[in-house]
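Asker: Let me give you the structure first, and then I'll get to my questions.
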Amino acid sequence: MSSFGPSSFMLSDYLEKLPGATFRKLYQQPSTAFAIFRRMLPHLAKVYVQALLYSPTPFTTNDLELWTRPEGKASSNRAIGILRSLHIVQMTQSTRLKKGSDIQLTANFKKSLRLALEGGGSHSSFGVPSTLPVDSKIDIQFLDHWAGKIWQEILYYVVNSVPMKADEDGSRRGYGGSGGPRKAVKELLMMGGLVRHGEGGGVQISEHGFNFLLQEANAQVWTLLLLWLEAADRNKAAAKETGADVTGTPIDNVEMLSFLFMLASLELGRAYDTSALTETRRNMLPALADFGLIYIDPRNQDQYFPTRLATTLTSSSALRSVSASIDAAIKKNPGDAGSLGTTPADNNTPADENGGIVVETNYRIYAYTSSPLQIAILKLFCRLHMRFPNMVTARLTRESVREAIKEGITANQIIEYLAAHAHPQMVRAAAAKGTSVLPPTVVDQIRLWQLESQRMQKTPGFQFKDFESQEEYRQLADYAAEIGVLVWKDDRKGTFFVSKVEQIREFLRARKKGN
């Protein structure tokens, strides 16, 4: 089985790599333009878009500078850089200023966003509700329970709670998670580098897999979807290399991505007409059901129901962190944004189930949880001692941390996880004293245990050197720092290193045109 690295875990990274022609196709759908406006843009960028949306003439860069204070110049440049990387705005040489540029929204984005806000256009852009009768059992509570169980199976599999050899025929054995996710999902996790083959035919979590667990639930869903899109791109590229005709094939990343944005605009608990979808989108439905994003009634496949995982794809605060996104459902009402995956009978779970983790200076850990998922994650870097109905005790040891590091988990990831799930009393005490949440001795020791075996840290990116002048180096390095991509620089040697290159490349082109 071939594999590919997780190069685009972030939706913004994936979109920035797409060519302008792809964006022009994406922005033909009002639902896509509206979703990107909601999710992908910082507040200042949204302000610029709203100002340009109904402006009859382009703005100049000088106009935008008047809107921000001198200390906010970096935020303004970062906002404009994001808008350009997503092909939301285009900049041309100003017809009114000798030095400066005109900035305006791209035609497709402007038209589609106005349609999304005002109404009109193609009705199918935001889904076509089904007119067929709906089974009374399929309500929001049922969809939350169904999606939560499927997502739990995926997370359990990542932390090696489900054997690799189980359920290889792709069948699902109820909601208990005994068989794990579908075979196609397992293969996607393996190809994406979230898990890898271990000893005895099982799977082991990788460094990227632990990063996946540290993400919020929405980011986790997008990670899986982006791996799926990349796999589709690679399959299409492989088909082209073999000389196959890919015209009209069901593998179309533009159509797939547009459909994902459309799902985010649908109403939770409502049935939508399958026959109104294109062939590509109908072919996507089984895979989306495997991810828990939609539910299809086996007795009526002419309808599909978006779950909360789908309708919150473009929400910035819909679902929470790794275990909270699942465990919160036990305490919240079915209609809450944080509710996912349980029935009302589960609401009598003890209040301490998601109470947090206490870390002592003697490296002892007390986790107030009964979530098998969170316990499995702790087991990756701790030695578990005792388990009670709503608490487990563990200990950080040199051997347990080094074993985790050997498997690709970093010291910073362990520290971030413990801090993110710290007990509320630890958080309040640290805030009152103005100190860190975790004991400094524990934090330092975890890092020292990593240094015993790892002396170097790798950062992917791009190096710039051999500039024409010191002024050119200074301008580019300052711009990289302003947009937040500068990793390292050496003023004496005239070189710097950045994590992303797309916006730097655009800045270079604009600078050369200006000269």
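The way I read the labels, and the way they are meant: chains A, B, ... in the order of the structure tokens, residue 1 as the first residue of every chain, and ligand 1 as the first ligand shown, with later ones counted on from there.
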Considering only strand (DSSP E or B) as DSSP defines it on the backbone, what residues of range 385-502 of chain A qualify? List them as a JSON list (two decimals) with N, CA, C and O atoms, in the first residue's frame.
Answerer:
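Result file result_18.json:
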[["chain", "number", "residue", "atom", "x", "y", "z"],
["A", 385, "HIS", "N", -1.70, 3.22, 36.97],
["A", 385, "HIS", "CA", -1.60, 2.46, 38.22],
["A", 385, "HIS", "C", -2.93, 1.86, 38.64],
["A", 385, "HIS", "O", -3.08, 0.65, 38.74],
["A", 386, "MET", "N", -3.92, 2.72, 38.86],
["A", 386, "MET", "CA", -5.21, 2.25, 39.33],
["A", 386, "MET", "C", -6.33, 2.96, 38.57],
["A", 386, "MET", "O", -6.17, 4.08, 38.11],
["A", 387, "ARG", "N", -7.48, 2.26, 38.48],
["A", 387, "ARG", "CA", -8.63, 2.83, 37.80],
["A", 387, "ARG", "C", -9.85, 2.72, 38.70],
["A", 387, "ARG", "O", -10.15, 1.63, 39.21],
["A", 388, "PHE", "N", -10.53, 3.85, 38.88],
["A", 388, "PHE", "CA", -11.74, 3.93, 39.68],
["A", 388, "PHE", "C", -12.91, 4.28, 38.76],
["A", 388, "PHE", "O", -12.71, 4.56, 37.57],
["A", 391, "MET", "N", -12.14, 7.98, 37.84],
["A", 391, "MET", "CA", -10.79, 8.52, 37.95],
["A", 391, "MET", "C", -9.77, 7.42, 37.68],
["A", 391, "MET", "O", -9.99, 6.24, 38.01],
["A", 392, "VAL", "N", -8.64, 7.80, 37.09],
["A", 392, "VAL", "CA", -7.51, 6.90, 36.93],
["A", 392, "VAL", "C", -6.28, 7.60, 37.49],
["A", 392, "VAL", "O", -6.16, 8.83, 37.44],
["A", 393, "THR", "N", -5.37, 6.82, 38.06],
["A", 393, "THR", "CA", -4.11, 7.36, 38.55],
["A", 393, "THR", "C", -2.99, 6.82, 37.68],
["A", 393, "THR", "O", -3.02, 5.67, 37.22],
["A", 394, "ALA", "N", -2.02, 7.66, 37.42],
["A", 394, "ALA", "CA", -0.90, 7.28, 36.56],
["A", 394, "ALA", "C", 0.35, 8.02, 37.00],
["A", 394, "ALA", "O", 0.31, 8.84, 37.94],
["A", 395, "ARG", "N", 1.45, 7.74, 36.32],
["A", 395, "ARG", "CA", 2.71, 8.39, 36.68],
["A", 395, "ARG", "C", 3.55, 8.58, 35.41],
["A", 395, "ARG", "O", 3.64, 7.68, 34.57],
["A", 422, "ALA", "N", -6.03, 20.18, 31.72],
["A", 422, "ALA", "CA", -5.76, 20.37, 33.14],
["A", 422, "ALA", "C", -7.05, 20.58, 33.92],
["A", 422, "ALA", "O", -8.05, 21.12, 33.40],
["A", 462, "PHE", "N", 11.18, 26.96, 3.82],
["A", 462, "PHE", "CA", 11.94, 27.45, 2.67],
["A", 462, "PHE", "C", 12.97, 28.48, 3.13],
["A", 462, "PHE", "O", 12.66, 29.35, 3.96],
["A", 463, "GLN", "N", 14.18, 28.40, 2.55],
["A", 463, "GLN", "CA", 15.23, 29.36, 2.88],
["A", 463, "GLN", "C", 15.41, 30.34, 1.74],
["A", 463, "GLN", "O", 15.43, 29.97, 0.56],
["A", 464, "PHE", "N", 15.56, 31.62, 2.08],
["A", 464, "PHE", "CA", 15.83, 32.68, 1.10],
["A", 464, "PHE", "C", 17.23, 33.23, 1.34],
["A", 464, "PHE", "O", 17.60, 33.53, 2.49],
["A", 486, "LEU", "N", 7.85, 33.88, 9.43],
["A", 486, "LEU", "CA", 9.30, 33.89, 9.65],
["A", 486, "LEU", "C", 9.65, 32.94, 10.79],
["A", 486, "LEU", "O", 9.12, 33.04, 11.89],
["A", 487, "VAL", "N", 10.55, 31.99, 10.53],
["A", 487, "VAL", "CA", 11.01, 31.04, 11.52],
["A", 487, "VAL", "C", 12.37, 31.43, 12.09],
["A", 487, "VAL", "O", 12.61, 31.37, 13.30],
["A", 488, "TRP", "N", 13.27, 31.89, 11.21],
["A", 488, "TRP", "CA", 14.65, 32.21, 11.63],
["A", 488, "TRP", "C", 15.26, 33.15, 10.60],
["A", 488, "TRP", "O", 14.92, 33.11, 9.41],
["A", 489, "LYS", "N", 16.16, 34.01, 11.05],
["A", 489, "LYS", "CA", 16.88, 34.87, 10.12],
["A", 489, "LYS", "C", 18.27, 35.18, 10.66],
["A", 489, "LYS", "O", 18.52, 35.09, 11.86],
["A", 490, "ASP", "N", 19.17, 35.51, 9.75],
["A", 490, "ASP", "CA", 20.55, 35.89, 10.09],
["A", 490, "ASP", "C", 20.87, 37.16, 9.31],
["A", 490, "ASP", "O", 21.16, 37.11, 8.11],
["A", 495, "THR", "N", 20.18, 36.04, 5.18],
["A", 495, "THR", "CA", 19.36, 34.88, 4.83],
["A", 495, "THR", "C", 18.29, 34.69, 5.90],
["A", 495, "THR", "O", 18.48, 35.06, 7.06],
["A", 496, "PHE", "N", 17.14, 34.11, 5.50],
["A", 496, "PHE", "CA", 16.09, 33.83, 6.47],
["A", 496, "PHE", "C", 15.33, 32.58, 6.03],
["A", 496, "PHE", "O", 15.43, 32.14, 4.87],
["A", 497, "PHE", "N", 14.56, 32.02, 6.96],
["A", 497, "PHE", "CA", 13.84, 30.77, 6.75],
["A", 497, "PHE", "C", 12.38, 31.00, 7.11],
["A", 497, "PHE", "O", 12.07, 31.57, 8.16],
["A", 498, "VAL", "N", 11.44, 30.56, 6.21],
["A", 498, "VAL", "CA", 10.02, 30.77, 6.43],
["A", 498, "VAL", "C", 9.28, 29.43, 6.36],
["A", 498, "VAL", "O", 9.76, 28.48, 5.74]]
Asker: Pick from A:His197, A:Asp139, A:Gly192, A:Val134: nearest to Asn300 in chain A, with only C-alpha atoms counted?
Answerer: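 Going through A:His197, A:Asp139, A:Gly192, A:Val134 one by one, the smallest distance to Asn300 in chain A is for A:Val134.
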Asker: Find the residues around Gly494 in chain A up to 10 Å (only C-alpha atoms counted), leave out those fewer than 2 positions away in its own chain, and share them as a list in words.
Answerer: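 Near Gly494 in chain A, the qualifying residues are Phe464, Lys465, Asp466, Phe467, Ser469, Gln470, Glu472, Tyr473, Arg474, Ala477, Lys489, Asp490, Asp491, Arg492 and Phe496 of chain A.
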Asker: Given the selection you just returned, output its residues as a file containing C-alpha atoms, formatted as a CSV table (one decimal), in the first residue's frame.
Answerer:
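See result.csv below for the written result:
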chain,number,residue,atom,x,y,z
A,464,PHE,CA,15.8,32.7,1.1
A,465,LYS,CA,19.4,33.9,0.4
A,466,ASP,CA,21.6,35.6,-2.2
A,467,PHE,CA,19.5,38.9,-2.4
A,469,SER,CA,20.7,44.2,-2.0
A,470,GLN,CA,20.5,44.5,1.8
A,472,GLU,CA,15.7,43.8,-0.6
A,473,TYR,CA,16.6,41.3,2.2
A,474,ARG,CA,15.4,43.6,4.9
A,477,ALA,CA,12.4,39.5,6.1
A,489,LYS,CA,16.9,34.9,10.1
A,490,ASP,CA,20.5,35.9,10.1
A,491,ASP,CA,21.0,39.6,9.3
A,492,ARG,CA,24.8,39.2,9.1
A,496,PHE,CA,16.1,33.8,6.5
Asker: Near range 283-294 of chain A, counting only C-alpha atoms, which residues have an atom at most 9 Å away, once you skip same-chain residues fewer than 5 positions from it, shown as a ChimeraX atom specification?
Answerer: /A:143,146-151,154,181-182,184-185,221,224-225,250,256,259,263,278,304-311
Asker: How about saving the chosen residues, C-alpha atoms kept, as a PDB file, in the first residue's frame?
Answerer:
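Listing of again-v4.pdb after writing:
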ATOM      1  CA  LEU A 143     -28.146  11.699  14.391  1.00  0.00           C
ATOM      2  CA  TRP A 146     -25.026   7.808  15.364  1.00  0.00           C
ATOM      3  CA  ALA A 147     -22.306  10.294  14.326  1.00  0.00           C
ATOM      4  CA  GLY A 148     -20.703  10.272  17.774  1.00  0.00           C
ATOM      5  CA  LYS A 149     -20.358   6.489  17.800  1.00  0.00           C
ATOM      6  CA  ILE A 150     -18.744   6.430  14.361  1.00  0.00           C
ATOM      7  CA  TRP A 151     -16.336   9.225  15.284  1.00  0.00           C
ATOM      8  CA  ILE A 154     -12.125   6.417  14.378  1.00  0.00           C
ATOM      9  CA  PRO A 181     -14.085   2.085  11.373  1.00  0.00           C
ATOM     10  CA  ARG A 182     -14.619   0.843   7.849  1.00  0.00           C
ATOM     11  CA  ALA A 184     -11.475   2.350   3.629  1.00  0.00           C
ATOM     12  CA  VAL A 185     -11.184   4.701   6.625  1.00  0.00           C
ATOM     13  CA  VAL A 221     -12.858  16.246  10.747  1.00  0.00           C
ATOM     14  CA  LEU A 224      -9.629  13.416   7.588  1.00  0.00           C
ATOM     15  CA  LEU A 225     -11.514  15.095   4.747  1.00  0.00           C
ATOM     16  CA  PRO A 250     -16.367  10.847 -10.418  1.00  0.00           C
ATOM     17  CA  MET A 256     -15.915  17.332  -3.729  1.00  0.00           C
ATOM     18  CA  PHE A 259     -20.030  19.724  -1.669  1.00  0.00           C
ATOM     19  CA  LEU A 263     -22.999  20.421   3.747  1.00  0.00           C
ATOM     20  CA  THR A 278     -24.651  15.523  -9.248  1.00  0.00           C
ATOM     21  CA  TYR A 304     -29.570  11.931   3.264  1.00  0.00           C
ATOM     22  CA  PHE A 305     -29.326  13.647   6.651  1.00  0.00           C
ATOM     23  CA  PRO A 306     -26.349  15.881   7.538  1.00  0.00           C
ATOM     24  CA  THR A 307     -25.076  15.260  11.073  1.00  0.00           C
ATOM     25  CA  ARG A 308     -23.596  17.783  13.469  1.00  0.00           C
ATOM     26  CA  LEU A 309     -20.102  16.916  12.236  1.00  0.00           C
ATOM     27  CA  ALA A 310     -21.133  18.233   8.798  1.00  0.00           C
ATOM     28  CA  THR A 311     -23.262  21.243   9.739  1.00  0.00           C
TER      29      THR A 311
END
Asker: Counting only C-alpha atoms, which of A:Met10, A:Ala264, A:Ala238, A:Ile140 gets nearest to Arg38 in chain A?
Answerer: A:Ala264
Asker: If I take CA of Glu153 in chain A and CA of Leu257 in chain A, how far is one from the other in Å, to one decimal?
Answerer: 24.4 Å
Asker: List the spatial neighbours of Ser31 in chain A as a PyMOL selection string - criterion: any atom at most 8 Å away, only C-alpha atoms, same-chain residues fewer than 5 positions off excluded.
Answerer: chain A and resi 112+116+125-126+258+261-262+265
Asker: State, in Å with one decimal place, the distance from CA of Lys458 in chain A to CA of Val501 in chain A.
Answerer: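 Here the two named atoms are 17.4 Å from each other.
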Asker: Give me every helix (DSSP H, G or I) residue in range 175-293 of chain A, going by DSSP on the backbone, as a count of residues only.
Answerer: 69
Asker: Here is a test: counting only C-alpha atoms, which residue of A:Lys236, A:Lys98, A:Lys500, A:Arg511 is nearest to Gln475 in chain A?
Answerer: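 Nearest candidate to Gln475 in chain A out of A:Lys236, A:Lys98, A:Lys500, A:Arg511: A:Arg511.
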Asker: Please list as a short mmCIF file (atom, residue, chain, number, x, y, z; two decimals) with C-alpha atoms, in the first residue's frame every residue within 10 Å of range 46-60 of chain A, counting only C-alpha atoms and excluding residues in the same chain fewer than 3 positions away.
Answerer:
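Wrote it out as out14.cif, contents follow:
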data_model
loop_
_atom_site.label_atom_id
_atom_site.label_comp_id
_atom_site.auth_asym_id
_atom_site.auth_seq_id
_atom_site.Cartn_x
_atom_site.Cartn_y
_atom_site.Cartn_z
CA PHE A 37 -16.05 33.95 4.26
CA ARG A 38 -17.32 32.53 7.58
CA MET A 40 -11.31 31.09 6.65
CA LEU A 41 -11.04 34.84 7.19
CA PRO A 42 -9.84 36.76 10.27
CA HIS A 43 -12.00 39.62 11.48
CA ASP A 63 -7.45 53.76 1.52
CA LEU A 64 -6.96 50.59 3.58
CA GLU A 65 -3.95 52.06 5.37
CA TRP A 67 -8.36 52.33 8.34
CA SER A 76 -3.58 44.55 7.82
CA ALA A 79 -5.35 40.05 6.25
CA ILE A 80 -4.66 41.20 2.68
CA LEU A 83 -7.41 37.38 0.88
CA ILE A 88 -10.82 36.56 -2.92
CA VAL A 89 -9.25 39.86 -3.98
CA GLN A 90 -7.08 40.90 -6.89
CA MET A 91 -4.59 43.75 -6.89
CA THR A 92 -3.65 45.78 -9.97
CA GLN A 93 -1.56 48.87 -10.63
CA SER A 94 -3.56 51.86 -9.45
CA THR A 95 -5.00 54.16 -12.09
CA ARG A 96 -5.28 56.98 -9.54
CA LEU A 97 -1.94 56.75 -7.74
CA GLY A 100 0.06 52.09 -4.99
CA SER A 101 -2.36 49.38 -6.06
CA ASP A 102 -6.08 49.02 -6.58
CA ILE A 103 -7.77 46.20 -4.68
CA GLN A 104 -11.15 44.66 -5.51
CA LEU A 105 -13.03 41.40 -5.04
CA THR A 106 -12.74 38.76 -7.75
CA PHE A 109 -16.55 35.53 -5.27
CA LYS A 110 -18.32 38.90 -5.25
CA LYS A 111 -21.31 37.60 -7.21
CA LEU A 113 -21.30 36.07 -1.76
CA ARG A 114 -23.94 38.64 -2.66
#
Asker: Report as a list in words all protein, DNA and RNA residues lying within 12 Å of Arg383 in chain A, evaluated on only C-alpha atoms, omitting residues in the same chain fewer than 2 positions from it.
Answerer: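 Final neighbour list, sorted by chain and number: Tyr363, Arg364, Ile365, Tyr366, Ile375, Ala376, Ile377, Leu378, Lys379, Leu380, Phe381, His385, Met386, Arg387, Val392, Thr393, Ala394, Arg395, Leu396, Thr397, Arg398, Glu399, Ser400, Val401, Arg402, Glu403 and Ala404 of chain A.
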Asker: To one decimal place, how far is CA of Gln374 in chain A from CA of Thr410 in chain A in Å?
Answerer: 17.9 Å
Asker: Which residue out of A:Gly408, A:Ala481, A:Lys17, A:Thr441 has the minimum interatomic distance to Gly193 in chain A when only C-alpha atoms are used?
Answerer: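 Among the listed residues, A:Gly408 lies closest to Gly193 in chain A.
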